[in-house]
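Asker: Dumping the structure here so I can ask a few things about it.
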Amino acid sequence: MTSKTILSTVLALGLAGSALADGHEPVKVGFVYVGPIGDGGWTYQHDQGRLAVEEEFGDAVETVYQELVPEGADAERVITQMALQGADLIFTTSFGYGPATNAVAARFPDVKFEHATGFMREHPNVSTYDARFYEGRAVTGHIAGNLTETNKIGYIASFPIPEVIQGINSSFLHAQKVNPDVEMVVTWVYTWFDPSKEADAARAMIDQGVDVILQHTDSTAPQSAAEEANANGGRVFTFGQASDMAEFKPTPRVASIIDEWSPYYIERVQAVIDGTWEQTAHWGGMPEGEVVIGEITDAVPAEVKAEAEDMVARITEGEYHPFTGPINRQDGTPWLAEGEVADDATLATMDFYVEGVTGQIPN
Amino acid sequence: MIVLERRPAPSTAWQGLSPVLAVALTLVAGGLMFAALGNDPFAALRAIFWDPLFGEFAFFFRGQLLIKAAPLILIAVGLALGFRAGVWNIGAEGQYIVGALAGAAAGLAFYPADSRLILPMMIAAGAAGGIAWAMIPALLRVRFGTNEILVSLMLVYVAENLLASAAVGWLRNPDAVGFPGSRDLSRWGSSANPELIAGTGAHWGVAAALFAVVAAHVLLTRHITGFHIRLTGAAPRAAAFAGVNGGRLIVFCFAVSGGLAGMAGLFEVTGPAGQISIDFASGYGFTAIIVAFLGRLHPIGILLAGLLMALTYVGGDNAATSLGLPVAAISAFQGMLLFFLLAVDVLTHFRLRWRPRGVAA
């Protein structure tokens, strides 16, 4: 949509301008969510971040949000609508919002845009931000490798994008370190949030003898499927994803990777208030408090728990990088030499499995 | 007690009145629901129905209504032809996806050529893709007597997997280092389906939807095929005796609805959506079934129903953002509208009669 008309009308109405100029109006912050705020996972955590912003700034900030926004044309409409209605800063919290975010940013140069997990920054008013989830995957992989008795770990994968492949590789490497016989069963469900598909994937894995399930999808359905299997005499463990998923403690959920967006959201809103906002490509992790490991329950043996906590401490201190060589690619060619650490550019475009992972990345 | 009594003939007064009454009932029931949720019902209804048309940002929303309504109308017009003949194509969503894939693939084969012929070629490929996908249930039905409802519906799930494989594999943008999604067709001059008049939202798909409405109306009222469609729907055995070739009619209805759905997909992927992405399928093919029935399977009715449906979506999103209404409440509100329309429709064919208790029926 070319909308010089919109732009000129907006400028004429003086709506696209920052509300800060006179210092009286609250800063308006918009959030666009791909799932429902009650998904108990990805979107829930982003909404917790929004609430943290409200808590932090009180009356100085007004937040608006829209949930269940499909990626594509609908996203562009919703983002435009927020910009029209006076948002100063808009967080678009799903990978697929990239083109829409940039298209709207072109028309509203005075509004700041923050796109989660993406890579497109075509205009100076678009930033991207992401979290190093693979740091959390290293810890859950370590626990999974210790817990499995069948030596089969399942990974419910959403889409074959770098972020997900990082997660598969990181969890496999750390499971293999403590259990050389471990095998990773990857199931692609091609969705971020579809409880019935996620549950089906979990059940199919359990039928194949998988006894630890990691998920890269947003609902609690795999947790329920594991709980159901355990009620029927099974022994299946899971990890909370994106959110703590504490209601499944102490089993099947034995730990969780929590996405903590609040620090970044507060920092960026503050930057808009101060007029110091600048384009960035932010990639925080455990050191920034953005990737958090939820309570490790007593279902995990004490020494494994201690090792996991030690790994968290070392990653947080910057002493350990989950992708430290020697690591070979799946085809056996060397990737990282002894002691070499993966660079961010390679991680951000990761499209290969490490050695030992079976199967192919869908292509 | 109150009983329903069949009218000798459908009431023309109620045919016109029932949509109005249904909208009125929806406003009341919806308002009560919004009030129960702690929102000002008048503000909510205003945000849904008034603001997109006449509010401060109507200049933006009006265009969005056309963008949202065009694919619904285009698909629903095709489906309605079949529905009137008793041919049940439930898989327009799949034909929409395959049309978009075929059209996008045909265009991208020539990337980055600069030619005005590419978009028309893509539109033809999109229609062909939709027709090809629709021919599977049509020919299976004609040749083997399979149930076209099940086959066409199941093919939607096949199409969704084709879409996923295209987005992460064979149509993936080679320049987008490992990320899924095709090249942006709306940003490539040769394939772009832009606004024809800036600020109106009207792209080629909107023009095509209007053309389809007129063409379908002419077909149904002035053409022998239209007569066959209506006759087959009203009295299949009589139609057969009158020499209507049932098999050919099924193939025709599937070809038209599949072709229109495929074109709708192509217009969407080259315009508002911009690229083949994993989540490209947005349910237009299913919503169009509702639009077809809401419009009484009549082309002009479908035009109005498509616009009304688009208004509830665009207005609903507006209310969700500006008033913080939960999306579930908006969906429930849309559901109410359809529920009341169908419920009030009963009065077209039946009348209410008071019959004292105890009197034998």
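Every chain in the structure tokens has a letter given in the order shown (A, B, ...), and although residue numbers restart at 1 in each chain, ligands are simply numbered from 1 in the order shown.
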From a DSSP pass on the backbone, collect the residues of stretch 90-302 of chain A flagged as alpha helix (DSSP H) and hand them back as number ranges by chain.
Answerer: A: 98-107, 133-147, 162-178, 195-207, 221-231, 262-274, 302
Asker: Considering only C-alpha atoms, give me a table of residues in chain B that are at most 8 Å from chain A, with the closest atom pair and distance in Å for each, as a tab-separated table.
Answerer:
residue	atom	partner	partner_atom	distance
B:Phe57	CA	A:Leu84	CA	7.4
B:Phe59	CA	A:Ile6	CA	7.6
B:Phe60	CA	A:Ile6	CA	6.8
B:Gln64	CA	A:Arg77	CA	7.3
B:Ala164	CA	A:Tyr190	CA	7.1
B:Ser165	CA	A:Asn363	CA	6.8
B:Val168	CA	A:Asn363	CA	6.0
B:Gly169	CA	A:Asn363	CA	4.3
B:Trp170	CA	A:Asn363	CA	7.2
B:Val177	CA	A:Thr349	CA	5.8
B:Gly178	CA	A:Thr349	CA	5.6
B:Phe179	CA	A:Ile161	CA	5.5
B:Pro180	CA	A:Ile161	CA	6.7
B:Pro194	CA	A:Met1	CA	6.3
B:Glu195	CA	A:Met1	CA	6.2
B:Ala198	CA	A:Ser3	CA	6.3
B:Gly199	CA	A:Ser3	CA	5.7
B:Gly201	CA	A:Met1	CA	7.2
B:Gly271	CA	A:Met1	CA	7.7
B:Pro272	CA	A:Ala73	CA	5.0
B:Ala273	CA	A:Ala73	CA	4.7
B:Gly274	CA	A:Gly72	CA	7.6
B:Ser277	CA	A:Gly96	CA	7.9
B:Ile278	CA	A:Tyr190	CA	7.6
B:Asp279	CA	A:Glu71	CA	6.4
B:Phe280	CA	A:Gly72	CA	6.8
B:Ser282	CA	A:Pro70	CA	7.3
B:Asp317	CA	A:Val78	CA	7.1
B:Asn318	CA	A:Gln81	CA	7.4
B:Ala320	CA	A:Gln66	CA	6.3
B:Thr321	CA	A:Gln66	CA	5.3
B:Ser322	CA	A:Val64	CA	7.1
B:Gly324	CA	A:Val64	CA	6.9
B:Pro326	CA	A:Glu67	CA	7.8
B:Val327	CA	A:Glu67	CA	6.6
Asker: Those same residues, written as an mmCIF file, in the first residue's frame with N, CA and C atoms?
Answerer:
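Dumped to again.cif:
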data_model
loop_
_atom_site.group_PDB
_atom_site.id
_atom_site.type_symbol
_atom_site.label_atom_id
_atom_site.label_comp_id
_atom_site.auth_asym_id
_atom_site.auth_seq_id
_atom_site.Cartn_x
_atom_site.Cartn_y
_atom_site.Cartn_z
ATOM 1 N N PHE B 57 -10.270 8.287 11.589
ATOM 2 C CA PHE B 57 -9.318 7.631 10.713
ATOM 3 C C PHE B 57 -9.999 6.865 9.591
ATOM 4 N N PHE B 59 -10.447 7.591 6.663
ATOM 5 C CA PHE B 59 -9.709 7.634 5.395
ATOM 6 C C PHE B 59 -8.812 6.412 5.261
ATOM 7 N N PHE B 60 -8.339 5.888 6.386
ATOM 8 C CA PHE B 60 -7.506 4.691 6.356
ATOM 9 C C PHE B 60 -8.376 3.427 6.374
ATOM 10 N N GLN B 64 -9.134 -0.221 4.017
ATOM 11 C CA GLN B 64 -8.918 -1.532 4.622
ATOM 12 C C GLN B 64 -10.145 -2.431 4.468
ATOM 13 N N ALA B 164 3.583 -24.581 3.558
ATOM 14 C CA ALA B 164 4.710 -24.589 4.492
ATOM 15 C C ALA B 164 5.987 -24.992 3.768
ATOM 16 N N SER B 165 5.903 -26.004 2.904
ATOM 17 C CA SER B 165 7.120 -26.439 2.221
ATOM 18 C C SER B 165 7.598 -25.368 1.251
ATOM 19 N N VAL B 168 9.360 -22.481 3.387
ATOM 20 C CA VAL B 168 10.670 -22.781 3.965
ATOM 21 C C VAL B 168 11.591 -23.440 2.943
ATOM 22 N N GLY B 169 11.065 -23.792 1.776
ATOM 23 C CA GLY B 169 11.879 -24.522 0.810
ATOM 24 C C GLY B 169 11.892 -23.932 -0.575
ATOM 25 N N TRP B 170 11.026 -24.476 -1.417
ATOM 26 C CA TRP B 170 11.194 -24.213 -2.848
ATOM 27 C C TRP B 170 10.814 -22.817 -3.319
ATOM 28 N N VAL B 177 18.923 -15.152 4.056
ATOM 29 C CA VAL B 177 19.725 -16.006 4.932
ATOM 30 C C VAL B 177 18.975 -16.869 5.941
ATOM 31 N N GLY B 178 18.437 -17.971 5.493
ATOM 32 C CA GLY B 178 17.897 -18.951 6.427
ATOM 33 C C GLY B 178 16.509 -18.675 6.936
ATOM 34 N N PHE B 179 15.947 -17.497 6.637
ATOM 35 C CA PHE B 179 14.608 -17.213 7.134
ATOM 36 C C PHE B 179 13.562 -17.661 6.119
ATOM 37 N N PRO B 180 12.389 -18.083 6.580
ATOM 38 C CA PRO B 180 11.359 -18.553 5.656
ATOM 39 C C PRO B 180 10.649 -17.399 4.972
ATOM 40 N N PRO B 194 -0.565 -3.168 -6.773
ATOM 41 C CA PRO B 194 -0.645 -2.004 -5.887
ATOM 42 C C PRO B 194 -2.047 -1.419 -5.863
ATOM 43 N N GLU B 195 -2.223 -0.393 -5.056
ATOM 44 C CA GLU B 195 -3.481 0.348 -5.073
ATOM 45 C C GLU B 195 -3.628 1.022 -6.426
ATOM 46 N N ALA B 198 -4.350 5.811 -5.168
ATOM 47 C CA ALA B 198 -3.689 5.889 -3.866
ATOM 48 C C ALA B 198 -4.679 6.209 -2.752
ATOM 49 N N GLY B 199 -4.571 5.482 -1.664
ATOM 50 C CA GLY B 199 -5.371 5.777 -0.489
ATOM 51 C C GLY B 199 -6.731 5.103 -0.451
ATOM 52 N N GLY B 201 -7.247 1.776 -1.151
ATOM 53 C CA GLY B 201 -7.162 0.355 -0.831
ATOM 54 C C GLY B 201 -7.529 -0.518 -2.006
ATOM 55 N N GLY B 271 -0.316 -8.423 -3.314
ATOM 56 C CA GLY B 271 -0.714 -7.115 -2.791
ATOM 57 C C GLY B 271 -0.596 -7.035 -1.289
ATOM 58 N N PRO B 272 -1.727 -7.123 -0.575
ATOM 59 C CA PRO B 272 -1.716 -6.898 0.866
ATOM 60 C C PRO B 272 -0.768 -7.817 1.643
ATOM 61 N N ALA B 273 -0.713 -9.113 1.292
ATOM 62 C CA ALA B 273 0.155 -10.018 2.047
ATOM 63 C C ALA B 273 1.602 -9.837 1.614
ATOM 64 N N GLY B 274 1.829 -9.708 0.308
ATOM 65 C CA GLY B 274 3.163 -9.384 -0.176
ATOM 66 C C GLY B 274 4.063 -10.566 -0.457
ATOM 67 N N SER B 277 4.237 -16.732 2.867
ATOM 68 C CA SER B 277 4.825 -17.018 4.170
ATOM 69 C C SER B 277 4.067 -18.200 4.754
ATOM 70 N N ILE B 278 4.600 -18.746 5.829
ATOM 71 C CA ILE B 278 3.985 -19.952 6.376
ATOM 72 C C ILE B 278 2.554 -19.679 6.815
ATOM 73 N N ASP B 279 2.319 -18.456 7.272
ATOM 74 C CA ASP B 279 0.990 -18.115 7.765
ATOM 75 C C ASP B 279 0.166 -17.360 6.736
ATOM 76 N N PHE B 280 0.486 -17.554 5.461
ATOM 77 C CA PHE B 280 -0.234 -16.818 4.425
ATOM 78 C C PHE B 280 -1.735 -17.111 4.463
ATOM 79 N N SER B 282 -5.171 -17.222 5.576
ATOM 80 C CA SER B 282 -5.762 -16.495 6.695
ATOM 81 C C SER B 282 -7.227 -16.850 6.895
ATOM 82 N N ASP B 317 -11.130 -5.216 15.230
ATOM 83 C CA ASP B 317 -9.736 -4.970 15.589
ATOM 84 C C ASP B 317 -9.571 -3.578 16.177
ATOM 85 N N ASN B 318 -10.291 -2.637 15.588
ATOM 86 C CA ASN B 318 -10.221 -1.266 16.094
ATOM 87 C C ASN B 318 -10.694 -1.209 17.542
ATOM 88 N N ALA B 320 -10.783 -3.692 19.638
ATOM 89 C CA ALA B 320 -9.869 -4.449 20.499
ATOM 90 C C ALA B 320 -8.695 -3.579 20.926
ATOM 91 N N THR B 321 -8.136 -2.828 19.995
ATOM 92 C CA THR B 321 -6.970 -2.013 20.336
ATOM 93 C C THR B 321 -7.360 -0.787 21.149
ATOM 94 N N SER B 322 -8.383 -0.064 20.662
ATOM 95 C CA SER B 322 -8.628 1.221 21.294
ATOM 96 C C SER B 322 -9.349 1.080 22.630
ATOM 97 N N GLY B 324 -9.353 -2.031 24.361
ATOM 98 C CA GLY B 324 -8.802 -3.149 25.119
ATOM 99 C C GLY B 324 -9.772 -4.300 25.271
ATOM 100 N N PRO B 326 -11.192 -7.962 24.717
ATOM 101 C CA PRO B 326 -10.536 -9.212 24.347
ATOM 102 C C PRO B 326 -10.989 -9.670 22.953
ATOM 103 N N VAL B 327 -10.077 -10.286 22.237
ATOM 104 C CA VAL B 327 -10.399 -10.749 20.892
ATOM 105 C C VAL B 327 -11.551 -11.758 20.924
#
Asker: Neighbours of B:Arg62 within 7 Å (only C-alpha atoms; same-chain residues fewer than 4 positions away dropped), as a PyMOL selection string?
Answerer: chain B and resi 52-53+58+66
Asker: Have a look at A:Leu214, A:Tyr265, A:Glu25, A:Thr101 and name the one nearest to A:Asp59; count only C-alpha atoms.
Answerer: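 Using only C-alpha atoms, A:Asp59 sits closest to A:Glu25.
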Asker: Per DSSP on the backbone, what are the strand (DSSP E) residues of stretch 72-188 of chain A, as a PyMOL selection string?
Answerer: chain A and resi 89-92+112-116+126-131+152-157+183-188
Asker: One decimal, Å: what's the distance from atom CA of B:Phe241 over to atom CA of B:Val218, could you say?
Answerer: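 Atom CA of B:Val218 lies at a distance of 24.9 Å from atom CA of B:Phe241.
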Asker: Report as a PyMOL selection string all protein, DNA and RNA residues lying within 10 Å of B:Ala29, evaluated on only C-alpha atoms, omitting residues in the same chain fewer than 6 positions from it.
Answerer: chain B and resi 23+35+333+336-337+340
Asker: Dump C-alpha atoms for the selected residues as a compact mmCIF listing (two decimals), in the first residue's frame?
Answerer:
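Once everything was written out, this is selection-v1.txt:
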# COMPACT_ATOMS: atom_id res chain seq x y z
CA VAL B 23 -28.39 -6.48 13.05
CA ALA B 35 -21.48 -4.11 29.27
CA PHE B 333 -19.92 -10.64 18.59
CA MET B 336 -23.91 -13.38 17.24
CA LEU B 337 -24.45 -11.55 13.99
CA PHE B 340 -29.25 -13.90 14.56
Asker: Atom CA of B:Gln334 and atom CA of B:Leu308, how far apart in Å?
Answerer: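 Calculated distance between atom CA of B:Leu308 and atom CA of B:Gln334 is 10.3 Å.
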Asker: Measuring between only C-alpha atoms, which one of B:Thr270, B:Thr287, B:Ser191, B:Thr232 shows the shortest distance to B:Ala109?
Answerer: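 The shortest atom-to-atom distance to B:Ala109 comes from B:Ser191.
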Asker: I'd like the contact shell of stretch 127-135 of chain B - 9 Å cut-off, only C-alpha atoms, skipping same-chain residues fewer than 3 positions apart - returned as a ChimeraX atom specification.
Answerer: /B:89,91-92,94-103,122-124,138-140,152,155,159,251,254-266
